[in-house]
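One structure is given here, and the rest of the page talks about it.
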Amino acid sequence: MEIDKKKCVGCGNCHAVCTMGVIYLEEDGKSAINQDECVECYTCYRVCRSEGYPPWFVRALRKVLSLFRLGYLAEVDVCPTGALTPRELEWPRNIRAVFSDPTTVHPGTGVPGRGTDEIKTNDVTGRLREGDAGLVIEMGRPGIGAHFRDIEKVAMALAKLNPHFERENPVTQLMTDPTVGKMKDEILNEKVLSAIIEVKTTLERIPEFLHTLDRIQKEIDTVISLGVASKCLPDGTLPHEEWVKKEGYALSPNGKTNIGLGKPLFRGN
Amino acid sequence: MTNTLHRQGTPENLKNDYVIFAHTAKGITREGSAPKLQEFMQICLKYHPVNIGDGKQGNIYQDDINIQTLIANQGDGAGAAAVFTGLDTLQKVVEELIRADLGISINISGLLGEVQACCRRAGIERHSAEHSLGFWGAKDRLPEREVLEFNTLCGHGMVSFNLIRKMIEYVKLRRLTPKKAAKIMAKCCECGVFNPVRAEMLLEKIRKGER
């Protein structure tokens with residue numbers, strides 16, 4: 001994203017909307033974006049609709065109002081002059097948008113957003129079967145963002161446990177070698193709003209993975225939202241619960257439930 | 001809508017927050033899913049959701065979105081979502097979806113025990129489920145709990161910490177009503193899983209100094 005200096009009137013509305021908090025006011029009174037930290041989520045562009053006022057008009061209005069010690073106060077979700085300008089993104093910067101802008105469909109997964117279907121379609125895909133556990137490691141969320149160098153640290157730590165990295169997952173697709181969790185060198189300094197490492201393992205190996213994450217979490221400069229999933233037993237109980245609780249980790253009271261209405265229902269195991 | 005399971009809150013306010021979403025699988029249920037997704041949305045709409053939308057076209061709080069146009073334009077896609085604030089309504093929606101037999105995957109984010117009970121009352125057993133194990137890593141970089149409650153109402157984290165703080169400030173200064181501030185936050189969340197009613201209630205409490 002860029003800000004058209006000729007149009008910007010420095011109202012500051014886009015500063016608050018920015019998911020990474022990286023839009024700031026320069027000495028010339030106009031806004032600018034810290035491009036190193038911008039994740040190309042386009043939230044500023046989508047949320048701050050253009051009012052289409054000529055910049056000279058807004059600037060003149062502000063000058064006149066300031067004579068009377070009054071301020072110009074635009075609605076909080078507008079850009080008075082339409083100064084926010086999307087730009088053409090090239091590799092590797094374009095992966096920022098793929099991971100950060102939920103309206104962008106990832107070419108590899110066919111899913112808008114950062115992950116795959118996970119358990120959302122487990123009733124028809126059978127991705128997680130009896131005895132399987134899914135770990136969903138969303139890095140950068142909530143609200144901090146993640147560099148691929150940190151994502152690689154976690155992926156490489158987990159790779160030592162020989163997990164099954166979900167093949168269709170966008171992070172897996174950026175690995176040069178999933179057996180060691182190594183990411184492509186040219187993307188290591190790219191930053192995204194969040195990225196999800198998806199791992200499939202067996203229920204009894206949940207503790208190993210949690211202990212590894214416990215260790216590696218101290219070496220990263222971002223946050224992780226962690227989820228654990230499994231297919232329910234016929235009586236509706238969740239087999240992953242006992243493995244997580246046994247290790248002393250707390251499970252949330254809320255979560256996501258696939259209620260099993262997809263057809264044809266996956267029957268194999 | 002990836003991580004609606006990480007919604008933060010007290011057990012009390014989580015009771016008023018259920019996201020139901022249809023999701024299709026590439027190569028299995030996605031192809032030809034347009035009429036099914038449209039019917040899913042029409043069923044949800046009948047029960048007055050507090051938010052509804054899809055990641056491709058946006059949600060009802062965004063500028064120039066007409067819900068009937070959005071539904072009519074729904075093509076074969078990944079899915080759609082709606083938010084309800086009560087279990088009784090959710091129960092009716094689930095029962096109607098079972099009757100409609102759309103054949104696409106249906107998921108619910110919310111209190112797991114309540115959702116399981118809802119499924120059982122409707123005569124089905126849940127298929128799979130996912131728990132949150134909370135936040136890990138550099139947690140010292142995270143803001144205060146109230147800000148996280150608003151931020152996690154969007155499954156993609158599109159409501160910035162700074163916007164939330166600004167909305168809280170504006171509500172306290174009475175420059176915006178809690179309803180209007182909640183609507184602005186809901187606008188940021190593309191998929192329509194943000195619960196503006198819960199946000200409004202929380203803002204109201206903050207305004208009165210109860211939080």
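In the structure tokens, chains take the letters A, B, ... in the order shown, each chain's residues start at 1, and ligands count up from 1 in the order shown.
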
Need to verify the contact set: segment 4-21 of chain B, 6 Å, only C-alpha atoms, exclusion of same-chain residues closer than 2 positions in sequence. Can you return it as a PDB file with N, CA and C atoms, in the first residue's frame?
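Written file, out.pdb:
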ATOM      1  N   GLY A 255     -14.667 -23.132  21.203  1.00  0.00           N
ATOM      2  CA  GLY A 255     -13.873 -23.699  20.122  1.00  0.00           C
ATOM      3  C   GLY A 255     -14.717 -23.844  18.882  1.00  0.00           C
ATOM      4  N   LYS A 256     -14.210 -24.625  17.968  1.00  0.00           N
ATOM      5  CA  LYS A 256     -14.882 -24.776  16.669  1.00  0.00           C
ATOM      6  C   LYS A 256     -15.367 -26.216  16.530  1.00  0.00           C
TER       7      LYS A 256
ATOM      8  N   MET B   1     -12.228 -16.415   8.498  1.00  0.00           N
ATOM      9  CA  MET B   1     -12.897 -17.102   9.605  1.00  0.00           C
ATOM     10  C   MET B   1     -12.041 -18.202  10.199  1.00  0.00           C
ATOM     11  N   ALA B  80     -19.508 -19.264   3.726  1.00  0.00           N
ATOM     12  CA  ALA B  80     -20.195 -18.070   4.193  1.00  0.00           C
ATOM     13  C   ALA B  80     -20.429 -18.228   5.688  1.00  0.00           C
ATOM     14  N   ALA B  81     -20.688 -17.104   6.362  1.00  0.00           N
ATOM     15  CA  ALA B  81     -20.829 -17.173   7.823  1.00  0.00           C
ATOM     16  C   ALA B  81     -21.908 -16.237   8.331  1.00  0.00           C
ATOM     17  N   ALA B  82     -22.450 -16.578   9.496  1.00  0.00           N
ATOM     18  CA  ALA B  82     -23.421 -15.711  10.159  1.00  0.00           C
ATOM     19  C   ALA B  82     -23.198 -15.800  11.666  1.00  0.00           C
ATOM     20  N   VAL B  83     -23.586 -14.737  12.368  1.00  0.00           N
ATOM     21  CA  VAL B  83     -23.370 -14.693  13.824  1.00  0.00           C
ATOM     22  C   VAL B  83     -24.707 -14.554  14.538  1.00  0.00           C
ATOM     23  N   PHE B  84     -24.886 -15.364  15.579  1.00  0.00           N
ATOM     24  CA  PHE B  84     -26.093 -15.301  16.405  1.00  0.00           C
ATOM     25  C   PHE B  84     -25.703 -15.076  17.859  1.00  0.00           C
ATOM     26  N   THR B  85     -26.632 -14.457  18.593  1.00  0.00           N
ATOM     27  CA  THR B  85     -26.290 -14.123  19.980  1.00  0.00           C
ATOM     28  C   THR B  85     -26.979 -15.039  20.989  1.00  0.00           C
ATOM     29  N   GLY B  86     -27.790 -15.967  20.532  1.00  0.00           N
ATOM     30  CA  GLY B  86     -28.491 -16.832  21.481  1.00  0.00           C
ATOM     31  C   GLY B  86     -28.501 -18.281  21.046  1.00  0.00           C
ATOM     32  N   ILE B 106     -20.912 -27.874   7.820  1.00  0.00           N
ATOM     33  CA  ILE B 106     -21.384 -26.784   8.677  1.00  0.00           C
ATOM     34  C   ILE B 106     -20.586 -26.816   9.980  1.00  0.00           C
ATOM     35  N   ASN B 107     -20.077 -25.670  10.354  1.00  0.00           N
ATOM     36  CA  ASN B 107     -19.284 -25.546  11.585  1.00  0.00           C
ATOM     37  C   ASN B 107     -19.884 -24.473  12.482  1.00  0.00           C
ATOM     38  N   ILE B 108     -19.658 -24.649  13.774  1.00  0.00           N
ATOM     39  CA  ILE B 108     -20.105 -23.625  14.726  1.00  0.00           C
ATOM     40  C   ILE B 108     -18.951 -23.299  15.664  1.00  0.00           C
ATOM     41  N   SER B 109     -18.685 -22.012  15.831  1.00  0.00           N
ATOM     42  CA  SER B 109     -17.716 -21.584  16.845  1.00  0.00           C
ATOM     43  C   SER B 109     -18.490 -21.035  18.019  1.00  0.00           C
ATOM     44  N   GLY B 110     -18.114 -21.485  19.209  1.00  0.00           N
ATOM     45  CA  GLY B 110     -18.808 -21.028  20.411  1.00  0.00           C
ATOM     46  C   GLY B 110     -18.454 -21.942  21.558  1.00  0.00           C
ATOM     47  N   SER B 132      -8.955 -24.096  21.560  1.00  0.00           N
ATOM     48  CA  SER B 132      -7.841 -23.158  21.596  1.00  0.00           C
ATOM     49  C   SER B 132      -6.985 -23.490  22.812  1.00  0.00           C
ATOM     50  N   GLU B 149     -10.364  -8.920  23.518  1.00  0.00           N
ATOM     51  CA  GLU B 149     -11.743  -9.409  23.339  1.00  0.00           C
ATOM     52  C   GLU B 149     -12.343  -8.884  22.033  1.00  0.00           C
ATOM     53  N   THR B 152     -10.201 -10.402  18.813  1.00  0.00           N
ATOM     54  CA  THR B 152     -10.417 -11.810  18.460  1.00  0.00           C
ATOM     55  C   THR B 152     -11.834 -12.077  17.944  1.00  0.00           C
ATOM     56  N   LEU B 153     -12.675 -11.039  17.938  1.00  0.00           N
ATOM     57  CA  LEU B 153     -14.004 -11.220  17.337  1.00  0.00           C
ATOM     58  C   LEU B 153     -13.915 -11.319  15.816  1.00  0.00           C
ATOM     59  N   GLY B 155     -11.986 -13.303  12.889  1.00  0.00           N
ATOM     60  CA  GLY B 155     -11.185 -14.516  12.732  1.00  0.00           C
ATOM     61  C   GLY B 155      -9.854 -14.307  12.039  1.00  0.00           C
TER      62      GLY B 155
END

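Around Glu247 of chain A, within 9 Å and counting only C-alpha atoms, the residues found are Pro207, Leu210, His211, Glu242 and Trp243 of chain A, once anything fewer than 4 positions away on its own chain is removed.
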
Backbone-only DSSP, strand (DSSP E) members of chain B, as a count of residues only: 35

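Taking atom CA of Glu168 of chain A and atom CA of Glu190 of chain A as the two end points, the separation is 20.5 Å.
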
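Checking A:Val192, A:Leu65, A:Ile144, A:Met1 one by one against chain B, counting only C-alpha atoms, you find the shortest gap at A:Ile144.
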
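In this model, the gap between atom CA of Tyr72 of chain A and atom CA of Cys11 of chain A comes to 8.1 Å.
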
For His127 of chain B: contacts at 9 Å, only C-alpha atoms, fewer than 3 positions along chain excluded, given as an mmCIF file with C-alpha atoms, in the first residue's frame:
data_model
loop_
_atom_site.group_PDB
_atom_site.id
_atom_site.type_symbol
_atom_site.label_atom_id
_atom_site.label_comp_id
_atom_site.auth_asym_id
_atom_site.auth_seq_id
_atom_site.Cartn_x
_atom_site.Cartn_y
_atom_site.Cartn_z
ATOM 1 C CA ASN A 122 -13.212 -32.973 7.992
ATOM 2 C CA ASP A 123 -16.597 -34.676 7.666
ATOM 3 C CA LYS A 231 -12.288 -36.330 15.172
ATOM 4 C CA CYS A 232 -14.853 -37.114 17.839
ATOM 5 C CA LEU A 233 -15.448 -40.614 19.106
ATOM 6 C CA PRO A 234 -18.886 -42.089 18.355
ATOM 7 C CA GLY A 236 -19.064 -37.291 20.878
ATOM 8 C CA THR A 257 -17.192 -27.707 15.972
ATOM 9 C CA ASN A 258 -17.809 -29.434 12.672
ATOM 10 C CA ILE A 259 -21.338 -30.762 13.126
ATOM 11 C CA GLY A 260 -21.014 -33.369 10.394
ATOM 12 C CA LEU A 261 -23.620 -32.385 7.821
#

Lys180 of chain B: which residues within 12 Å, counting only C-alpha atoms, same-chain residues fewer than 4 positions away excluded, as a PDB file with N, CA and C atoms, in the first residue's frame?
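Result written to part13.pdb:
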ATOM      1  N   GLU A  75     -15.196  11.714   9.455  1.00  0.00           N
ATOM      2  CA  GLU A  75     -15.689  10.436  10.000  1.00  0.00           C
ATOM      3  C   GLU A  75     -14.490   9.503  10.132  1.00  0.00           C
ATOM      4  N   VAL A  76     -14.517   8.602  11.122  1.00  0.00           N
ATOM      5  CA  VAL A  76     -13.301   7.812  11.369  1.00  0.00           C
ATOM      6  C   VAL A  76     -13.020   6.753  10.297  1.00  0.00           C
ATOM      7  N   ASP A  77     -14.026   6.396   9.507  1.00  0.00           N
ATOM      8  CA  ASP A  77     -13.802   5.345   8.512  1.00  0.00           C
ATOM      9  C   ASP A  77     -13.801   5.883   7.084  1.00  0.00           C
TER      10      ASP A  77
ATOM     11  N   TYR B  61     -22.025  -4.876   7.229  1.00  0.00           N
ATOM     12  CA  TYR B  61     -21.653  -3.593   7.831  1.00  0.00           C
ATOM     13  C   TYR B  61     -20.758  -2.756   6.922  1.00  0.00           C
ATOM     14  N   MET B 167     -11.812   3.597  19.340  1.00  0.00           N
ATOM     15  CA  MET B 167     -13.262   3.463  19.511  1.00  0.00           C
ATOM     16  C   MET B 167     -13.637   3.554  20.993  1.00  0.00           C
ATOM     17  N   ILE B 168     -12.821   2.939  21.852  1.00  0.00           N
ATOM     18  CA  ILE B 168     -13.089   3.009  23.296  1.00  0.00           C
ATOM     19  C   ILE B 168     -13.018   4.461  23.761  1.00  0.00           C
ATOM     20  N   TYR B 170     -13.392   7.204  21.923  1.00  0.00           N
ATOM     21  CA  TYR B 170     -14.489   7.994  21.359  1.00  0.00           C
ATOM     22  C   TYR B 170     -15.800   7.716  22.089  1.00  0.00           C
ATOM     23  N   VAL B 171     -15.994   6.466  22.494  1.00  0.00           N
ATOM     24  CA  VAL B 171     -17.222   6.133  23.221  1.00  0.00           C
ATOM     25  C   VAL B 171     -17.195   6.796  24.593  1.00  0.00           C
ATOM     26  N   ARG B 174     -18.039  10.259  24.320  1.00  0.00           N
ATOM     27  CA  ARG B 174     -19.370  10.392  23.699  1.00  0.00           C
ATOM     28  C   ARG B 174     -19.308  11.027  22.299  1.00  0.00           C
ATOM     29  N   ARG B 175     -18.193  10.793  21.639  1.00  0.00           N
ATOM     30  CA  ARG B 175     -18.120  11.240  20.236  1.00  0.00           C
ATOM     31  C   ARG B 175     -18.738  10.204  19.325  1.00  0.00           C
ATOM     32  N   LEU B 176     -18.847   8.973  19.812  1.00  0.00           N
ATOM     33  CA  LEU B 176     -19.541   7.904  19.083  1.00  0.00           C
ATOM     34  C   LEU B 176     -20.387   7.120  20.067  1.00  0.00           C
ATOM     35  N   ILE B 184     -18.311   0.244  13.165  1.00  0.00           N
ATOM     36  CA  ILE B 184     -17.049   0.579  12.478  1.00  0.00           C
ATOM     37  C   ILE B 184     -16.058  -0.572  12.600  1.00  0.00           C
ATOM     38  N   MET B 185     -16.016  -1.169  13.799  1.00  0.00           N
ATOM     39  CA  MET B 185     -15.101  -2.319  13.977  1.00  0.00           C
ATOM     40  C   MET B 185     -15.554  -3.492  13.099  1.00  0.00           C
ATOM     41  N   ALA B 186     -16.870  -3.706  13.046  1.00  0.00           N
ATOM     42  CA  ALA B 186     -17.408  -4.830  12.256  1.00  0.00           C
ATOM     43  C   ALA B 186     -17.074  -4.688  10.772  1.00  0.00           C
ATOM     44  N   LYS B 187     -16.953  -3.449  10.344  1.00  0.00           N
ATOM     45  CA  LYS B 187     -16.650  -3.156   8.942  1.00  0.00           C
ATOM     46  C   LYS B 187     -15.284  -3.731   8.527  1.00  0.00           C
ATOM     47  N   PRO B 196     -21.102  -7.616  16.437  1.00  0.00           N
ATOM     48  CA  PRO B 196     -21.215  -6.210  16.834  1.00  0.00           C
ATOM     49  C   PRO B 196     -22.062  -6.012  18.083  1.00  0.00           C
ATOM     50  N   VAL B 197     -22.957  -6.959  18.349  1.00  0.00           N
ATOM     51  CA  VAL B 197     -23.803  -6.813  19.546  1.00  0.00           C
ATOM     52  C   VAL B 197     -22.965  -7.030  20.805  1.00  0.00           C
ATOM     53  N   ALA B 199     -19.757  -6.594  20.931  1.00  0.00           N
ATOM     54  CA  ALA B 199     -18.845  -5.447  20.992  1.00  0.00           C
ATOM     55  C   ALA B 199     -19.547  -4.233  21.591  1.00  0.00           C
ATOM     56  N   GLU B 200     -20.801  -4.041  21.188  1.00  0.00           N
ATOM     57  CA  GLU B 200     -21.556  -2.889  21.700  1.00  0.00           C
ATOM     58  C   GLU B 200     -21.773  -3.003  23.217  1.00  0.00           C
ATOM     59  N   MET B 201     -22.100  -4.222  23.664  1.00  0.00           N
ATOM     60  CA  MET B 201     -22.317  -4.431  25.099  1.00  0.00           C
ATOM     61  C   MET B 201     -21.037  -4.173  25.893  1.00  0.00           C
ATOM     62  N   LEU B 203     -18.535  -2.225  24.944  1.00  0.00           N
ATOM     63  CA  LEU B 203     -18.268  -0.787  24.917  1.00  0.00           C
ATOM     64  C   LEU B 203     -19.157  -0.040  25.912  1.00  0.00           C
ATOM     65  N   GLU B 204     -20.383  -0.486  26.009  1.00  0.00           N
ATOM     66  CA  GLU B 204     -21.329   0.128  26.957  1.00  0.00           C
ATOM     67  C   GLU B 204     -20.804  -0.021  28.388  1.00  0.00           C
TER      68      GLU B 204
END

Proximal residues of chain B relative to chain A (only C-alpha atoms; 6 Å) as a VMD selection string: chain B and resid 5 55 to 56 103 to 112 125 to 138 160 162 to 163

Writing out the chosen residues with C-alpha atoms as a PDB file, in the first residue's frame:
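Final output, saved to result27.pdb:
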ATOM      1  CA  LEU B   5     -12.022 -20.486  18.065  1.00  0.00           C
ATOM      2  CA  GLY B  55     -14.779 -13.482   2.704  1.00  0.00           C
ATOM      3  CA  LYS B  56     -15.086 -12.677  -0.957  1.00  0.00           C
ATOM      4  CA  GLY B 103     -24.585 -31.569   1.925  1.00  0.00           C
ATOM      5  CA  ILE B 104     -21.918 -28.950   2.656  1.00  0.00           C
ATOM      6  CA  SER B 105     -19.907 -28.875   5.879  1.00  0.00           C
ATOM      7  CA  ILE B 106     -21.384 -26.784   8.677  1.00  0.00           C
ATOM      8  CA  ASN B 107     -19.284 -25.546  11.585  1.00  0.00           C
ATOM      9  CA  ILE B 108     -20.105 -23.625  14.726  1.00  0.00           C
ATOM     10  CA  SER B 109     -17.716 -21.584  16.845  1.00  0.00           C
ATOM     11  CA  GLY B 110     -18.808 -21.028  20.411  1.00  0.00           C
ATOM     12  CA  LEU B 111     -18.907 -22.685  23.810  1.00  0.00           C
ATOM     13  CA  LEU B 112     -18.136 -26.301  22.953  1.00  0.00           C
ATOM     14  CA  GLU B 125     -23.588 -35.956  17.233  1.00  0.00           C
ATOM     15  CA  ARG B 126     -20.714 -33.567  16.508  1.00  0.00           C
ATOM     16  CA  HIS B 127     -18.121 -34.829  14.030  1.00  0.00           C
ATOM     17  CA  SER B 128     -14.839 -33.036  14.889  1.00  0.00           C
ATOM     18  CA  ALA B 129     -13.835 -30.174  17.108  1.00  0.00           C
ATOM     19  CA  GLU B 130     -10.958 -27.862  17.828  1.00  0.00           C
ATOM     20  CA  HIS B 131      -9.951 -26.237  21.111  1.00  0.00           C
ATOM     21  CA  SER B 132      -7.841 -23.158  21.596  1.00  0.00           C
ATOM     22  CA  LEU B 133      -4.761 -23.559  23.758  1.00  0.00           C
ATOM     23  CA  GLY B 134      -4.502 -19.816  24.052  1.00  0.00           C
ATOM     24  CA  PHE B 135      -1.681 -17.457  23.184  1.00  0.00           C
ATOM     25  CA  TRP B 136       1.969 -18.449  23.270  1.00  0.00           C
ATOM     26  CA  GLY B 137       5.246 -16.736  22.454  1.00  0.00           C
ATOM     27  CA  ALA B 138       5.996 -13.055  23.108  1.00  0.00           C
ATOM     28  CA  SER B 160      -6.430  -3.265  14.827  1.00  0.00           C
ATOM     29  CA  ASN B 162      -5.243   1.052  17.692  1.00  0.00           C
ATOM     30  CA  LEU B 163      -8.722   1.248  16.163  1.00  0.00           C
TER      31      LEU B 163
END

Who sits within 8 Å of Phe40 of chain B, only C-alpha atoms, same chain under 5 positions skipped, as a list in words: Ala22, Leu97 and Leu102 of chain B

Write to file, as a compact mmCIF listing (two decimals), in the first residue's frame, the residues of the selection just made, with N, CA and C atoms.
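Printed below is part.txt as written:
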# COMPACT_ATOMS: atom_id res chain seq x y z
N ALA B 22 -20.73 -22.17 6.80
CA ALA B 22 -20.72 -23.26 5.82
C ALA B 22 -19.36 -23.25 5.17
N LEU B 97 -31.13 -26.35 9.07
CA LEU B 97 -30.04 -26.78 8.17
C LEU B 97 -30.05 -28.30 8.00
N LEU B 102 -28.22 -29.72 2.94
CA LEU B 102 -27.46 -29.07 1.87
C LEU B 102 -26.26 -29.89 1.40

Counting only C-alpha atoms, what is within 8 Å of Asn151 of chain B, bar same-chain residues fewer than 3 positions away, as a JSON list (two decimals) with C-alpha atoms, in the first residue's frame?
[["chain", "number", "residue", "atom", "x", "y", "z"],
["A", 142, "PRO", "CA", -3.41, -11.67, 17.58],
["A", 143, "GLY", "CA", -2.37, -8.37, 16.11],
["B", 147, "VAL", "CA", -8.63, -5.00, 23.49],
["B", 148, "LEU", "CA", -8.04, -8.70, 22.84],
["B", 154, "CYS", "CA", -12.54, -11.16, 13.83],
["B", 157, "GLY", "CA", -7.47, -10.24, 13.20],
["B", 158, "MET", "CA", -8.37, -7.34, 10.93],
["B", 159, "VAL", "CA", -9.60, -5.03, 13.71],
["B", 160, "SER", "CA", -6.43, -3.26, 14.83],
["B", 161, "PHE", "CA", -5.49, -2.68, 18.44],
["B", 164, "ILE", "CA", -10.15, -0.56, 19.19]]

Length of the atom CA of Arg267 of chain A to atom CA of Lys26 of chain B vector [Å]: 18.0 Å

Backbone-only DSSP, helix (DSSP H, G or I) members of segment 1-209 of chain B, as a VMD selection string: chain B and resid 4 to 6 11 to 14 34 to 46 67 to 72 87 to 100 112 to 121 139 to 141 145 to 151 161 to 172 178 to 188 196 to 207

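Each of A:Lys30, A:Cys8, A:Arg93, A:Leu203 was checked against Val58 of chain A using only C-alpha atoms; the smallest atom-to-atom distance is that of A:Cys8.
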
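The smallest atom-to-atom distance between Ala72 of chain B and any of B:Ile52, B:Met41, B:Val193, B:Ala181, using only C-alpha atoms, is found for B:Met41.
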
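Distances here use only C-alpha atoms; by that measure, the residue among B:Ile28, B:Ala182, B:Leu142, B:Ala34 closest to Gly79 of chain B is B:Ala34.
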
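Shortest separation to Ile43 of chain B among B:Arg207, B:Lys183, B:Arg99, B:Arg30 occurs at residue B:Arg99, atoms counted being only C-alpha atoms.
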